[in-house]
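One file, model_14.cif, is given below (mmCIF, C-alpha atoms).
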data_run
loop_
_atom_site.label_atom_id
_atom_site.label_comp_id
_atom_site.auth_asym_id
_atom_site.auth_seq_id
_atom_site.Cartn_x
_atom_site.Cartn_y
_atom_site.Cartn_z
CA MET Q 1 -22.27 20.91 -30.54
CA GLU Q 2 -21.30 22.20 -27.12
CA GLN Q 3 -17.89 23.77 -26.80
CA ASP Q 4 -15.37 22.22 -24.46
CA VAL Q 5 -14.40 23.78 -21.16
CA PHE Q 6 -10.86 24.38 -22.31
CA MET Q 7 -11.37 26.77 -25.21
CA GLU Q 8 -7.72 27.00 -26.23
CA SER Q 9 -6.86 23.48 -27.32
CA PRO Q 10 -3.38 22.99 -28.77
CA PRO Q 11 -3.36 22.19 -32.48
CA ILE Q 12 -0.52 19.69 -32.00
CA VAL Q 13 -0.92 17.08 -29.27
CA ASP Q 14 2.16 16.15 -27.28
CA ILE Q 15 2.08 12.37 -27.01
CA GLU Q 16 4.58 12.44 -24.12
CA VAL Q 17 1.97 14.12 -21.91
CA LEU Q 18 -0.58 11.38 -22.62
CA GLU Q 19 2.03 8.67 -22.16
CA ALA Q 20 2.99 9.98 -18.72
CA ALA Q 21 -0.63 10.09 -17.51
CA LYS Q 22 -2.05 7.00 -19.20
CA GLU Q 23 -2.38 5.14 -15.90
CA ASN Q 24 -4.83 7.80 -14.66
CA ILE Q 25 -7.05 7.69 -17.76
CA GLN Q 26 -10.00 5.31 -17.72
CA PRO Q 27 -10.59 3.84 -21.19
CA LEU Q 28 -14.00 4.07 -22.80
CA ALA Q 29 -15.61 1.79 -25.37
CA SER Q 30 -16.37 4.82 -27.55
CA GLY Q 31 -12.89 6.27 -27.09
CA ARG Q 32 -11.75 9.68 -25.91
CA ARG Q 33 -10.86 12.86 -27.75
CA VAL Q 34 -7.12 13.39 -27.78
CA THR Q 35 -7.37 17.17 -27.91
CA THR Q 36 -9.52 17.26 -24.79
CA LEU Q 37 -7.15 14.97 -22.90
CA SER Q 38 -4.14 17.04 -23.91
CA ALA Q 39 -5.84 20.29 -22.89
CA ILE Q 40 -6.82 18.85 -19.49
CA LEU Q 41 -3.40 17.40 -18.71
CA THR Q 42 -1.41 20.45 -19.83
CA THR Q 43 -3.52 22.98 -17.91
CA PRO Q 44 -2.20 23.91 -14.43
CA HIS Q 45 -4.23 22.55 -11.55
CA ALA Q 46 -5.40 25.93 -10.26
CA GLN Q 47 -6.72 27.01 -13.64
CA ARG Q 48 -8.13 23.56 -14.35
CA ASP Q 49 -10.17 23.48 -11.15
CA ALA Q 50 -11.50 26.99 -11.74
CA GLN Q 51 -12.61 26.15 -15.29
CA LEU Q 52 -14.19 22.85 -14.27
CA ASN Q 53 -16.10 24.46 -11.40
CA SER Q 54 -17.48 27.21 -13.61
CA ALA Q 55 -18.56 24.71 -16.27
CA ARG Q 56 -20.16 22.48 -13.64
CA LYS Q 57 -22.19 25.39 -12.31
CA ARG Q 58 -23.35 26.19 -15.84
CA HIS Q 59 -24.51 22.62 -16.45
CA ARG Q 60 -26.24 22.50 -13.07
CA MET Q 61 -28.10 25.70 -13.88
CA ASN Q 62 -29.19 24.28 -17.24
CA VAL Q 63 -30.61 21.19 -15.52
CA GLU Q 64 -32.57 23.25 -13.00
CA VAL Q 65 -34.00 25.47 -15.71
CA ALA Q 66 -34.98 22.44 -17.82
CA LEU Q 67 -36.77 20.82 -14.88
CA GLN Q 68 -38.81 23.95 -14.20
CA ASP Q 69 -39.62 24.75 -17.80
CA GLU Q 70 -42.37 22.57 -19.23
CA ASP Q 71 -41.21 23.16 -22.80
CA ASP Q 72 -37.58 22.24 -22.11
CA ASP Q 73 -36.00 18.76 -22.18
CA PRO Q 74 -34.45 17.80 -18.80
CA LEU Q 75 -33.32 14.43 -20.17
CA GLU Q 76 -31.13 16.14 -22.75
CA ALA Q 77 -29.73 18.49 -20.08
CA TYR Q 78 -28.81 15.55 -17.84
CA VAL Q 79 -27.26 13.66 -20.77
CA ARG Q 80 -25.06 16.64 -21.65
CA PHE Q 81 -24.07 17.01 -18.01
CA VAL Q 82 -23.09 13.32 -17.73
CA ASN Q 83 -21.18 13.31 -21.03
CA TRP Q 84 -19.27 16.43 -19.98
CA THR Q 85 -18.33 14.82 -16.65
CA VAL Q 86 -17.14 11.59 -18.28
CA GLU Q 87 -15.06 13.46 -20.85
CA ASN Q 88 -13.46 16.08 -18.59
CA TYR Q 89 -12.65 13.72 -15.71
CA PRO Q 90 -10.55 11.02 -17.39
CA GLN Q 91 -9.90 9.21 -14.10
CA GLY Q 92 -13.55 8.13 -13.99
CA GLN Q 93 -15.65 8.00 -10.84
CA SER Q 94 -13.98 9.92 -8.00
CA ALA Q 95 -14.80 12.37 -5.27
CA GLU Q 96 -13.90 15.25 -7.61
CA SER Q 97 -16.05 14.15 -10.52
CA GLY Q 98 -19.12 13.04 -8.52
CA LEU Q 99 -20.22 10.90 -11.48
CA LEU Q 100 -21.94 8.22 -9.40
CA GLU Q 101 -24.02 10.74 -7.47
CA LEU Q 102 -24.94 12.53 -10.71
CA LEU Q 103 -26.13 9.31 -12.37
CA GLU Q 104 -28.22 8.37 -9.34
CA GLU Q 105 -29.79 11.82 -9.28
CA ALA Q 106 -30.56 11.82 -13.02
CA THR Q 107 -32.15 8.35 -13.01
CA ARG Q 108 -34.18 9.02 -9.87
CA VAL Q 109 -35.42 12.51 -10.82
CA LEU Q 110 -36.41 11.56 -14.37
CA LYS Q 111 -38.21 8.37 -13.30
CA ASP Q 112 -41.47 10.09 -12.35
CA ASP Q 113 -40.88 13.44 -14.04
CA ARG Q 114 -43.86 14.59 -16.10
CA GLY Q 115 -45.76 11.38 -15.61
CA GLY Q 116 -42.85 9.07 -16.48
CA ILE Q 117 -42.60 9.99 -20.16
CA TRP Q 118 -38.85 9.25 -20.17
CA LYS Q 119 -39.15 5.55 -19.28
CA GLY Q 120 -39.28 4.49 -22.91
CA GLU Q 121 -36.40 6.71 -24.08
CA LEU Q 122 -33.14 5.02 -25.08
CA LYS Q 123 -31.03 7.85 -23.60
CA TYR Q 124 -32.69 7.34 -20.25
CA LEU Q 125 -32.00 3.60 -20.42
CA LYS Q 126 -28.32 4.30 -21.20
CA LEU Q 127 -28.09 6.41 -18.05
CA TRP Q 128 -29.34 3.40 -16.05
CA VAL Q 129 -26.86 1.07 -17.78
CA LEU Q 130 -23.97 3.44 -17.01
CA TYR Q 131 -25.15 3.72 -13.42
CA ALA Q 132 -25.25 -0.08 -13.09
CA SER Q 133 -21.64 -0.36 -14.24
CA PHE Q 134 -20.42 1.46 -11.10
CA VAL Q 135 -22.37 -0.45 -8.43
CA GLU Q 136 -21.79 -3.85 -6.86
CA LYS Q 137 -25.33 -5.29 -7.16
CA GLN Q 138 -25.91 -4.86 -10.87
CA THR Q 139 -28.69 -7.42 -11.09
CA MET Q 140 -30.71 -5.34 -8.63
CA ILE Q 141 -30.70 -2.44 -11.10
CA TYR Q 142 -31.99 -4.55 -14.00
CA ARG Q 143 -34.70 -6.20 -11.93
CA PHE Q 144 -35.79 -2.71 -10.88
CA LEU Q 145 -35.96 -1.65 -14.54
CA LEU Q 146 -38.08 -4.66 -15.49
CA ALA Q 147 -40.37 -4.17 -12.48
CA ASN Q 148 -40.96 -0.47 -13.27
CA ASP Q 149 -41.25 -0.95 -17.06
CA ILE Q 150 -38.17 1.17 -17.86
CA GLY Q 151 -36.62 0.53 -21.27
CA THR Q 152 -38.44 -2.75 -21.79
CA ASN Q 153 -38.95 -2.01 -25.49
CA HIS Q 154 -35.20 -1.79 -26.15
CA ALA Q 155 -32.96 -4.81 -26.78
CA LEU Q 156 -30.11 -3.11 -24.89
CA LEU Q 157 -31.81 -3.87 -21.57
CA TYR Q 158 -31.98 -7.63 -22.16
CA GLU Q 159 -28.51 -7.88 -23.73
CA GLU Q 160 -26.79 -6.16 -20.81
CA TYR Q 161 -28.80 -8.07 -18.23
CA ALA Q 162 -28.04 -11.43 -19.88
CA ALA Q 163 -24.34 -10.58 -20.15
CA ILE Q 164 -24.16 -9.91 -16.40
CA LEU Q 165 -25.94 -13.18 -15.61
CA GLU Q 166 -23.60 -15.09 -17.91
CA ARG Q 167 -20.57 -13.65 -16.12
CA GLN Q 168 -22.09 -14.86 -12.88
CA VAL Q 169 -22.42 -18.38 -14.39
CA ARG Q 170 -26.23 -18.19 -14.29
CA LYS Q 171 -26.74 -19.38 -17.83
CA SER Q 172 -30.30 -20.59 -17.44
CA ASP Q 173 -31.37 -17.17 -16.11
CA ALA Q 174 -29.52 -15.45 -18.95
CA ASP Q 175 -31.32 -17.60 -21.51
CA SER Q 176 -34.66 -16.71 -19.88
CA VAL Q 177 -33.83 -13.00 -20.19
CA PHE Q 178 -33.09 -13.39 -23.89
CA LEU Q 179 -36.35 -15.21 -24.43
CA LEU Q 180 -38.25 -12.52 -22.52
CA GLY Q 181 -36.82 -9.78 -24.73
CA ILE Q 182 -37.63 -11.70 -27.89
CA ALA Q 183 -41.18 -12.34 -26.69
CA ARG Q 184 -41.65 -8.61 -26.04
CA GLN Q 185 -40.36 -7.76 -29.52
CA ALA Q 186 -37.61 -5.51 -28.18
CA GLN Q 187 -35.95 -3.38 -30.84
CA PRO Q 188 -33.78 -3.99 -32.70
CA LEU Q 189 -35.10 -7.53 -32.71
CA ASP Q 190 -32.57 -8.89 -35.23
CA HIS Q 191 -29.66 -7.79 -33.07
CA LEU Q 192 -31.22 -9.36 -29.99
CA GLN Q 193 -31.81 -12.66 -31.78
CA SER Q 194 -28.23 -12.74 -33.06
CA LYS Q 195 -26.95 -12.17 -29.52
CA HIS Q 196 -29.18 -15.00 -28.30
CA THR Q 197 -27.84 -17.31 -31.01
CA GLU Q 198 -24.25 -16.54 -30.03
CA PHE Q 199 -25.12 -17.20 -26.42
CA GLN Q 200 -26.61 -20.61 -27.29
CA LYS Q 201 -23.48 -21.53 -29.24
CA ARG Q 202 -21.33 -20.71 -26.23
CA MET Q 203 -23.57 -22.86 -24.04
CA MET Q 204 -23.39 -25.82 -26.45
CA SER Q 205 -19.62 -25.56 -26.81
CA SER Q 206 -19.18 -25.55 -23.05
CA LEU Q 207 -21.39 -28.67 -22.74
CA ALA Q 208 -19.64 -30.52 -25.58
CA MET Q 209 -16.19 -29.72 -24.29
CA PRO Q 210 -14.76 -32.72 -22.38
CA PRO Q 211 -13.73 -32.14 -18.82
CA PRO Q 212 -10.07 -31.38 -18.31
CA PRO Q 213 -7.99 -34.53 -17.75
CA ALA Q 214 -6.94 -35.30 -14.23
CA PRO Q 215 -3.31 -34.48 -13.59
CA GLU Q 216 -1.16 -37.59 -13.81
CA PRO Q 217 1.12 -38.38 -10.87
CA SER Q 218 4.62 -37.21 -11.46
CA THR Q 219 7.02 -39.98 -12.44
CA ARG Q 220 10.09 -40.63 -10.37
CA ARG Q 221 13.55 -39.91 -11.59
CA ILE Q 222 15.10 -42.72 -13.61
CA ALA Q 223 18.17 -42.66 -11.40
CA LEU Q 224 16.01 -43.62 -8.44
CA GLY Q 225 14.44 -46.60 -10.23
CA MET Q 226 14.94 -50.20 -9.18
CA THR Q 227 16.45 -52.57 -11.71
CA ALA Q 228 15.69 -56.24 -11.96
CA SER Q 229 19.29 -57.15 -11.12
CA SER Q 230 19.13 -55.31 -7.77
CA THR Q 231 16.34 -57.46 -6.38
CA SER Q 232 18.75 -60.25 -5.49
CA SER Q 233 20.79 -57.97 -3.23
CA GLY Q 234 20.47 -57.69 0.52
CA PRO Q 235 18.12 -55.51 2.53
CA LEU Q 236 20.09 -52.37 1.66
CA GLY Q 237 20.86 -53.39 -1.90
CA LEU Q 238 24.55 -53.96 -1.14
CA GLY Q 239 24.76 -57.66 -1.83
CA ARG Q 240 27.04 -57.30 -4.83
CA ALA Q 241 28.44 -54.59 -7.02
CA PRO Q 242 26.31 -53.75 -10.03
CA SER Q 243 27.56 -54.91 -13.35
CA SER Q 244 28.01 -52.80 -16.46
CA SER Q 245 24.59 -53.83 -17.73
CA SER Q 246 22.96 -52.72 -14.53
CA GLN Q 247 24.87 -49.43 -14.75
CA SER Q 248 23.39 -48.81 -18.15
CA GLU Q 249 19.93 -49.65 -16.84
CA VAL Q 250 20.22 -47.20 -13.98
CA PHE Q 251 21.81 -44.28 -15.83
CA GLY Q 252 20.51 -45.02 -19.34
CA SER Q 253 17.70 -43.07 -20.90
CA GLY Q 254 15.62 -45.90 -22.34
CA SER Q 255 15.99 -48.53 -19.64
CA ARG Q 256 13.09 -50.18 -17.84
CA THR Q 257 12.87 -49.27 -14.18
CA ILE Q 258 10.76 -50.41 -11.28
CA SER Q 259 9.24 -47.91 -8.86
CA ASN Q 260 10.17 -47.69 -5.18
CA SER Q 261 13.79 -48.61 -5.91
CA ARG Q 262 16.82 -47.80 -3.80
CA LEU Q 263 19.58 -45.47 -4.82
CA GLN Q 264 22.37 -47.25 -6.64
CA ILE Q 265 25.96 -46.17 -6.15
CA PHE Q 266 27.90 -45.52 -9.27
CA VAL Q 267 30.97 -47.74 -9.70
CA ASP Q 268 33.56 -46.88 -12.28
CA PRO Q 269 33.96 -49.97 -14.50
CA THR Q 270 37.63 -49.15 -15.11
CA GLY Q 271 38.39 -49.26 -11.37
CA SER Q 272 38.52 -53.06 -11.33
CA GLU Q 273 41.58 -53.14 -13.57
CA PRO Q 274 44.94 -52.81 -11.74
CA GLN Q 275 46.85 -49.69 -12.60
CA GLU Q 276 50.59 -49.32 -12.68
CA GLU Q 277 52.04 -47.54 -9.69
CA SER Q 278 53.75 -44.31 -10.60
CA PRO Q 279 57.08 -43.61 -8.95
CA MET Q 280 56.73 -41.17 -6.03
CA SER Q 281 59.23 -38.42 -5.26
CA TYR Q 282 58.70 -38.85 -1.52
CA PRO Q 283 58.29 -42.54 -0.68
CA ASP Q 284 58.06 -41.81 3.06
CA ILE Q 285 56.39 -38.70 4.50
CA GLY Q 286 57.45 -39.53 8.04
CA THR Q 287 55.48 -39.32 11.27
CA ARG Q 288 53.45 -36.39 12.53
CA LYS Q 289 56.08 -35.62 15.21
CA SER Q 290 58.76 -35.27 12.60
CA ARG Q 291 56.52 -33.11 10.38
CA VAL Q 292 55.91 -30.51 13.11
CA LYS Q 293 59.53 -30.23 14.29
CA GLU Q 294 59.59 -26.48 13.50
CA ASN Q 295 57.16 -25.89 16.38
CA VAL Q 296 59.19 -27.81 19.04
CA PRO Q 297 62.28 -26.13 20.64
CA GLU Q 298 65.56 -28.00 20.61
CA VAL Q 299 66.28 -29.93 23.83
CA GLN Q 300 69.65 -29.17 25.55
CA LYS Q 301 71.36 -30.38 28.72
CA ALA Q 302 71.00 -28.18 31.86
CA ALA Q 303 74.23 -29.35 33.57
CA GLY Q 304 76.66 -26.43 34.15
CA THR Q 305 74.27 -23.67 33.01
CA THR Q 306 73.25 -20.61 35.03
CA LEU Q 307 69.67 -19.47 35.05
CA LYS Q 308 69.20 -15.73 34.81
CA ASN Q 309 66.49 -14.03 36.87
CA VAL Q 310 66.15 -10.58 35.44
CA GLY Q 311 63.30 -9.47 37.66
CA ARG Q 312 65.08 -10.26 40.95
CA ALA Q 313 68.17 -8.37 39.89
CA ARG Q 314 66.14 -5.25 39.17
CA ARG Q 315 64.42 -5.36 42.58
CA ILE Q 316 67.78 -5.68 44.41
CA ALA Q 317 69.22 -2.75 42.50
CA SER Q 318 66.28 -0.48 43.33
CA GLY Q 319 66.45 -1.36 47.06
CA SER Q 320 70.16 -0.63 47.36
CA SER Q 321 69.75 2.79 45.75
CA ALA Q 322 66.96 3.74 48.17
CA LEU Q 323 69.15 2.97 51.27
CA GLY Q 324 72.10 4.96 50.01
CA THR Q 325 73.68 8.15 51.43
CA ALA Q 326 71.99 11.52 51.85
CA GLY Q 327 73.55 12.72 48.71
CA SER Q 328 71.58 10.18 46.74
CA THR Q 329 69.22 11.49 44.09
CA CYS Q 330 66.38 9.19 45.20
CA LYS Q 331 63.27 11.20 46.11
CA ILE Q 332 61.55 8.47 48.08
CA ILE Q 333 62.65 8.43 51.79
CA PRO Q 334 61.51 5.37 53.71
CA TYR Q 335 59.78 5.94 57.08
CA ARG Q 336 61.65 5.02 60.27
CA ASP Q 337 60.16 4.94 63.78
CA PRO Q 338 61.85 7.45 66.15
CA GLY Q 339 63.65 6.32 69.32
CA PRO Q 340 62.63 7.15 72.95
CA GLY Q 341 65.08 10.06 73.22
CA GLU Q 342 64.20 11.54 69.93
CA LEU Q 343 60.59 12.26 70.87
CA ALA Q 344 61.58 14.93 73.52
CA GLU Q 345 64.01 16.67 71.26
CA GLU Q 346 61.41 17.22 68.59
CA GLU Q 347 60.26 20.78 68.31
CA PRO Q 348 56.57 21.51 68.70
CA ALA Q 349 54.75 21.93 65.50
CA PRO Q 350 53.93 25.54 64.65
CA ALA Q 351 50.36 26.65 65.27
CA PRO Q 352 48.28 26.88 62.14
CA VAL Q 353 47.82 30.34 60.78
CA THR Q 354 44.13 31.30 60.67
CA THR Q 355 42.88 34.09 58.51
CA LYS Q 356 40.15 36.16 60.11
CA LEU Q 357 37.21 36.40 57.75
CA PRO Q 358 34.70 39.24 57.94
CA PRO Q 359 31.43 38.30 59.66
CA LYS Q 360 28.63 37.25 57.42
CA THR Q 361 26.02 39.09 59.52
CA PRO Q 362 26.30 42.60 60.89
CA ALA Q 363 27.10 43.17 64.53
CA ARG Q 364 24.33 43.29 67.09
CA ASN Q 365 24.90 46.90 67.87
CA VAL Q 366 24.03 47.90 64.32
CA THR Q 367 20.48 49.26 64.09
CA VAL Q 368 18.28 48.13 61.24
CA VAL Q 369 16.65 51.01 59.39
CA PRO Q 370 13.36 49.87 57.87
CA PHE Q 371 12.28 50.99 54.45
CA ARG Q 372 9.78 53.82 54.47
CA ASP Q 373 7.77 54.90 51.48
CA PRO Q 374 8.22 58.62 51.08
CA GLU Q 375 4.70 59.00 49.66
CA CYS Q 376 3.00 57.49 52.70
CA PRO Q 377 1.84 59.89 55.43
CA GLU Q 378 3.74 59.98 58.67
CA GLY Q 379 2.44 57.38 61.08
CA GLY Q 380 -0.13 56.05 58.68
CA ALA Q 381 -0.57 52.62 57.14
CA PRO Q 382 1.92 51.71 54.44
CA CYS Q 383 0.73 52.33 50.94
CA THR Q 384 0.10 49.50 48.52
CA PRO Q 385 2.75 49.48 45.79
CA ARG Q 386 1.47 50.52 42.45
CA PHE Q 387 1.09 47.71 39.89
CA THR Q 388 0.86 48.35 36.17
CA PRO Q 389 -0.83 45.38 34.47
CA PHE Q 390 0.42 44.06 31.14
CA ARG Q 391 -1.51 45.33 28.19
CA ASP Q 392 -1.35 43.93 24.65
CA GLU Q 393 -0.56 46.26 21.88
CA THR Q 394 -3.35 47.34 19.59
CA PRO Q 395 -3.63 44.59 16.94
CA SER Q 396 -2.81 45.90 13.51
CA THR Q 397 -5.20 45.13 10.72
CA SER Q 398 -3.71 42.38 8.55
CA THR Q 399 -3.89 42.82 4.83
CA GLY Q 400 -3.44 39.10 4.10
CA LEU Q 401 -6.16 36.87 2.74
CA VAL Q 402 -8.28 34.96 5.21
CA ALA Q 403 -8.11 31.19 4.72
CA PRO Q 404 -11.49 29.86 3.65
CA GLU Q 405 -13.25 27.30 5.74
CA THR Q 406 -12.55 23.71 4.83
CA VAL Q 407 -15.05 21.91 2.66
CA MET Q 408 -14.23 18.53 4.21
CA LYS Q 409 -16.89 17.37 6.63
CA PRO Q 410 -15.87 14.94 9.37
CA LYS Q 411 -17.51 11.59 9.30
CA VAL Q 412 -19.67 11.00 12.35
CA ALA Q 413 -19.34 7.51 13.75
CA GLY Q 414 -22.36 5.90 15.32
CA LYS Q 415 -22.38 2.71 17.41
CA GLY Q 416 -18.81 1.90 16.38
CA ILE Q 417 -19.55 1.85 12.65
CA ALA Q 418 -18.08 4.57 10.44
CA VAL Q 419 -20.61 6.37 8.26
CA LEU Q 420 -19.91 5.77 4.57
CA SER Q 421 -19.75 8.53 2.02
CA GLU Q 422 -22.58 9.03 -0.42
CA ALA Q 423 -20.67 7.39 -3.28
CA GLU Q 424 -19.74 4.32 -1.20
CA ALA Q 425 -23.29 3.99 0.07
CA LEU Q 426 -24.66 4.10 -3.49
CA ARG Q 427 -22.09 1.57 -4.62
CA LYS Q 428 -23.27 -0.91 -2.01
CA ASP Q 429 -26.99 -0.06 -2.18
CA PRO Q 430 -27.86 1.65 -5.49
CA LEU Q 431 -31.55 1.96 -4.59
CA LYS Q 432 -31.15 3.38 -1.10
CA ASN Q 433 -33.01 6.61 -1.99
CA TYR Q 434 -36.15 4.74 -3.10
CA SER Q 435 -39.03 3.71 -0.91
CA ALA Q 436 -39.55 0.17 0.31
CA ASP Q 437 -42.63 -0.25 -1.88
CA GLU Q 438 -40.59 0.43 -5.01
CA CYS Q 439 -37.81 -2.00 -4.04
CA HIS Q 440 -39.78 -4.95 -2.65
CA LEU Q 441 -39.56 -6.83 -5.96
CA VAL Q 442 -35.82 -6.39 -6.51
CA ASP Q 443 -34.23 -7.43 -3.22
CA ASP Q 444 -31.43 -9.96 -3.57
#

Let me see whether you can do it: turn the structure in this file into structure tokens.
Amino acid sequence: MEQDVFMESPPIVDIEVLEAAKENIQPLASGRRVTTLSAILTTPHAQRDAQLNSARKRHRMNVEVALQDEDDDPLEAYVRFVNWTVENYPQGQSAESGLLELLEEATRVLKDDRGGIWKGELKYLKLWVLYASFVEKQTMIYRFLLANDIGTNHALLYEEYAAILERQVRKSDADSVFLLGIARQAQPLDHLQSKHTEFQKRMMSSLAMPPPPAPEPSTRRIALGMTASSTSSGPLGLGRAPSSSSQSEVFGSGSRTISNSRLQIFVDPTGSEPQEESPMSYPDIGTRKSRVKENVPEVQKAAGTTLKNVGRARRIASGSSALGTAGSTCKIIPYRDPGPGELAEEEPAPAPVTTKLPPKTPARNVTVVPFRDPECPEGGAPCTPRFTPFRDETPSTSTGLVAPETVMKPKVAGKGIAVLSEAEALRKDPLKNYSADECHLVDD
């Protein structure tokens, strides 16, 4: 038995690790090994990728050697490669695992290898069945197998094909597939016949089962029903007050009601009896004007009263203080126009004192001495000033690691349609790598 990629598997499996990653583990019908899952999930990503890549290269080399060697078994090499991929990539088909591309390669390469000796092998048929489980057009795969005589002597082919047709509600086609396998004596024949019998029982039970009853219209609420006593009322059902018997019919649980009835107003039966008036502490609450007397000022007579005007008194006081004597402390002196004789007596205003500023430009009598390069010859043309260009420093050799080129290839878009990846293209068209002559019998 081949050893696993992760050689050091822990003897005790931590269930918490599996519980935390259970959403990323694809379940298998045959189950998964717990030790392998624990070793994969507990290994750091860097070490995990390195180990998986080395193991993948080893399996790829084994496949190439088996295809070139006539005495080797390439089917067994491909089966080991596929089983290793399924077991060590618990998330299933992904870009990292490349399971879909591997299954397509194995089924296509082994189809015509060595004269097609692998067409009758059960392992080769299981590779096709696993490949069909990842594509959208599964019936295309099985029609291709029947047309190319691949696995036609095994009951697994007809059972899986019939199960897919039954899920697509094509029961007559599924029954024909079962009958075809039985007629070809596919092995094991007893198992195929038992599956066919179970299929027939399911068909008979579905035919004998009565159709589901039509949903009954929802009944109206009893409180909205119309009683017989309310028919004699007026157009709005207000002709007379309902009696106690009608009250029980409307609100009772077992009363007989008529549909499309009007809503009845509940009347307390004890309200018709006169009740004794209780003595009130406040027989008269008064009028609204008397109740809001706290918000109305008391009215008094204005005869003989003096109205005070506080604002006018303040203005008079401020004016009298401004017109006071010179010894007053008021800082604001009002302006007064001078008389005719006062204009001549006024002294002339002193001339403004100007500060002489130094001239911004030199005087005209100052001679300008031009700049003269001492290196230039006397009377010759001026020399061009020397210019030292900028020069980068010598780059130092970096000792760091150079980042490898990316392995992601951009998708080239043509005519507005994005090019699909290889896995997506195989999912939509599983036989895209075959010629038209091989696929003319299996087109949907």

Q. Please, what distance in Å, to one decimal, runs between atom CA of Q:Lys111 and atom CA of Q:Ile150?
A.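 Between atom CA of Q:Lys111 and atom CA of Q:Ile150 the gap is 8.5 Å.
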
Given all atoms listed in the file, how would the per-residue table for stretch 34-134 of chain Q near stretch 15-19 of chain Q read, listing every residue at most 12 Å away with its closest atom pair and distance in Å to one decimal, sorted by chain and number, as a tab-separated table?
residue	atom	partner	partner_atom	distance
Q:Val34	CA	Q:Leu18	CA	8.6
Q:Thr35	CA	Q:Leu18	CA	10.4
Q:Thr36	CA	Q:Leu18	CA	10.9
Q:Leu37	CA	Q:Leu18	CA	7.5
Q:Ser38	CA	Q:Leu18	CA	6.8
Q:Ala39	CA	Q:Val17	CA	10.0
Q:Ile40	CA	Q:Leu18	CA	10.2
Q:Leu41	CA	Q:Val17	CA	7.1
Q:Thr42	CA	Q:Val17	CA	7.5
Q:Thr43	CA	Q:Val17	CA	11.2
Q:Pro90	CA	Q:Leu18	CA	11.3

**Q.** Computed interatomic separation between atom CA of Q:Gln47 and atom CA of Q:Ala95 (Å)
**A.**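 About the pair atom CA of Q:Gln47 and atom CA of Q:Ala95: they are 18.7 Å apart.
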
Q: Could you list the residues chosen by the PyMOL selection byres ((chain Q and resi 136) around 7) in this structure as a list in words?
A: Phe134, Val135, Lys137, Gln138, Arg427 and Lys428 of chain Q

Q: Tell me which of Q:Tyr78, Q:Tyr131, Q:Tyr89, Q:Tyr158 sits closest to Q:Arg32, counting only C-alpha atoms.
A: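 Going through Q:Tyr78, Q:Tyr131, Q:Tyr89, Q:Tyr158 one by one, the smallest distance to Q:Arg32 is for Q:Tyr89.
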
Q | Exercise: stretch 64-73 of chain Q partners within 10 Å, all atoms listed in the file, chain neighbours under 4 positions left out, as a list in words | A | His59, Arg60, Ala77, Tyr78, Val109, Leu110, Asp113 and Arg114 of chain Q

Write to file, as a PDB file, keeping the file's coordinate frame, the residues of the selection just made, with C-alpha atoms.
ATOM      1  CA  HIS Q  59     -24.510  22.620 -16.450  1.00  0.00           C
ATOM      2  CA  ARG Q  60     -26.240  22.500 -13.070  1.00  0.00           C
ATOM      3  CA  ALA Q  77     -29.730  18.490 -20.080  1.00  0.00           C
ATOM      4  CA  TYR Q  78     -28.810  15.550 -17.840  1.00  0.00           C
ATOM      5  CA  VAL Q 109     -35.420  12.510 -10.820  1.00  0.00           C
ATOM      6  CA  LEU Q 110     -36.410  11.560 -14.370  1.00  0.00           C
ATOM      7  CA  ASP Q 113     -40.880  13.440 -14.040  1.00  0.00           C
ATOM      8  CA  ARG Q 114     -43.860  14.590 -16.100  1.00  0.00           C
TER       9      ARG Q 114
END

Q) What residues come out when you apply the PyMOL selection byres ((chain Q and resi 28) around 10) to this file, written as an MDAnalysis selection string? A) chainID Q and resid 25:27 29:32 86:87 90 92

Q: Could you pull out every residue with an atom within 8 Å of (-35.9, 13.0, -23.0), file coordinates, counting only C-alpha atoms, and send them as a list of chain:residue names?
A: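 Residues found, by chain and rising number: Q:Asp73, Q:Pro74, Q:Leu75, Q:Glu76, Q:Ile117, Q:Trp118, Q:Glu121, Q:Lys123, Q:Tyr124.
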
Q.
Show me, as a PyMOL selection string, the residues that have an atom within 10 Å of Q:Lys126 when counting all atoms listed in the file, minus same-chain residues fewer than 3 positions from it.
A. chain Q and resi 79+107+121-123+129-132+151+156-157

Please complete stretch 161-166 of chain Q so it has N, CA and C atoms, and hand it over as a CSV table (one decimal), in the frame of the given file.
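Just written: part.csv:
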chain,number,residue,atom,x,y,z
Q,161,TYR,N,-28.4,-7.2,-19.4
Q,161,TYR,CA,-28.8,-8.1,-18.2
Q,161,TYR,C,-28.3,-9.5,-18.4
Q,162,ALA,N,-28.5,-10.1,-19.6
Q,162,ALA,CA,-28.0,-11.4,-19.9
Q,162,ALA,C,-26.5,-11.6,-19.8
Q,163,ALA,N,-25.8,-10.5,-20.2
Q,163,ALA,CA,-24.3,-10.6,-20.2
Q,163,ALA,C,-23.9,-10.6,-18.7
Q,164,ILE,N,-24.5,-9.9,-17.8
Q,164,ILE,CA,-24.2,-9.9,-16.4
Q,164,ILE,C,-24.5,-11.3,-15.8
Q,165,LEU,N,-25.6,-11.9,-16.1
Q,165,LEU,CA,-25.9,-13.2,-15.6
Q,165,LEU,C,-25.0,-14.2,-16.1
Q,166,GLU,N,-24.6,-14.1,-17.4
Q,166,GLU,CA,-23.6,-15.1,-17.9
Q,166,GLU,C,-22.3,-15.0,-17.2
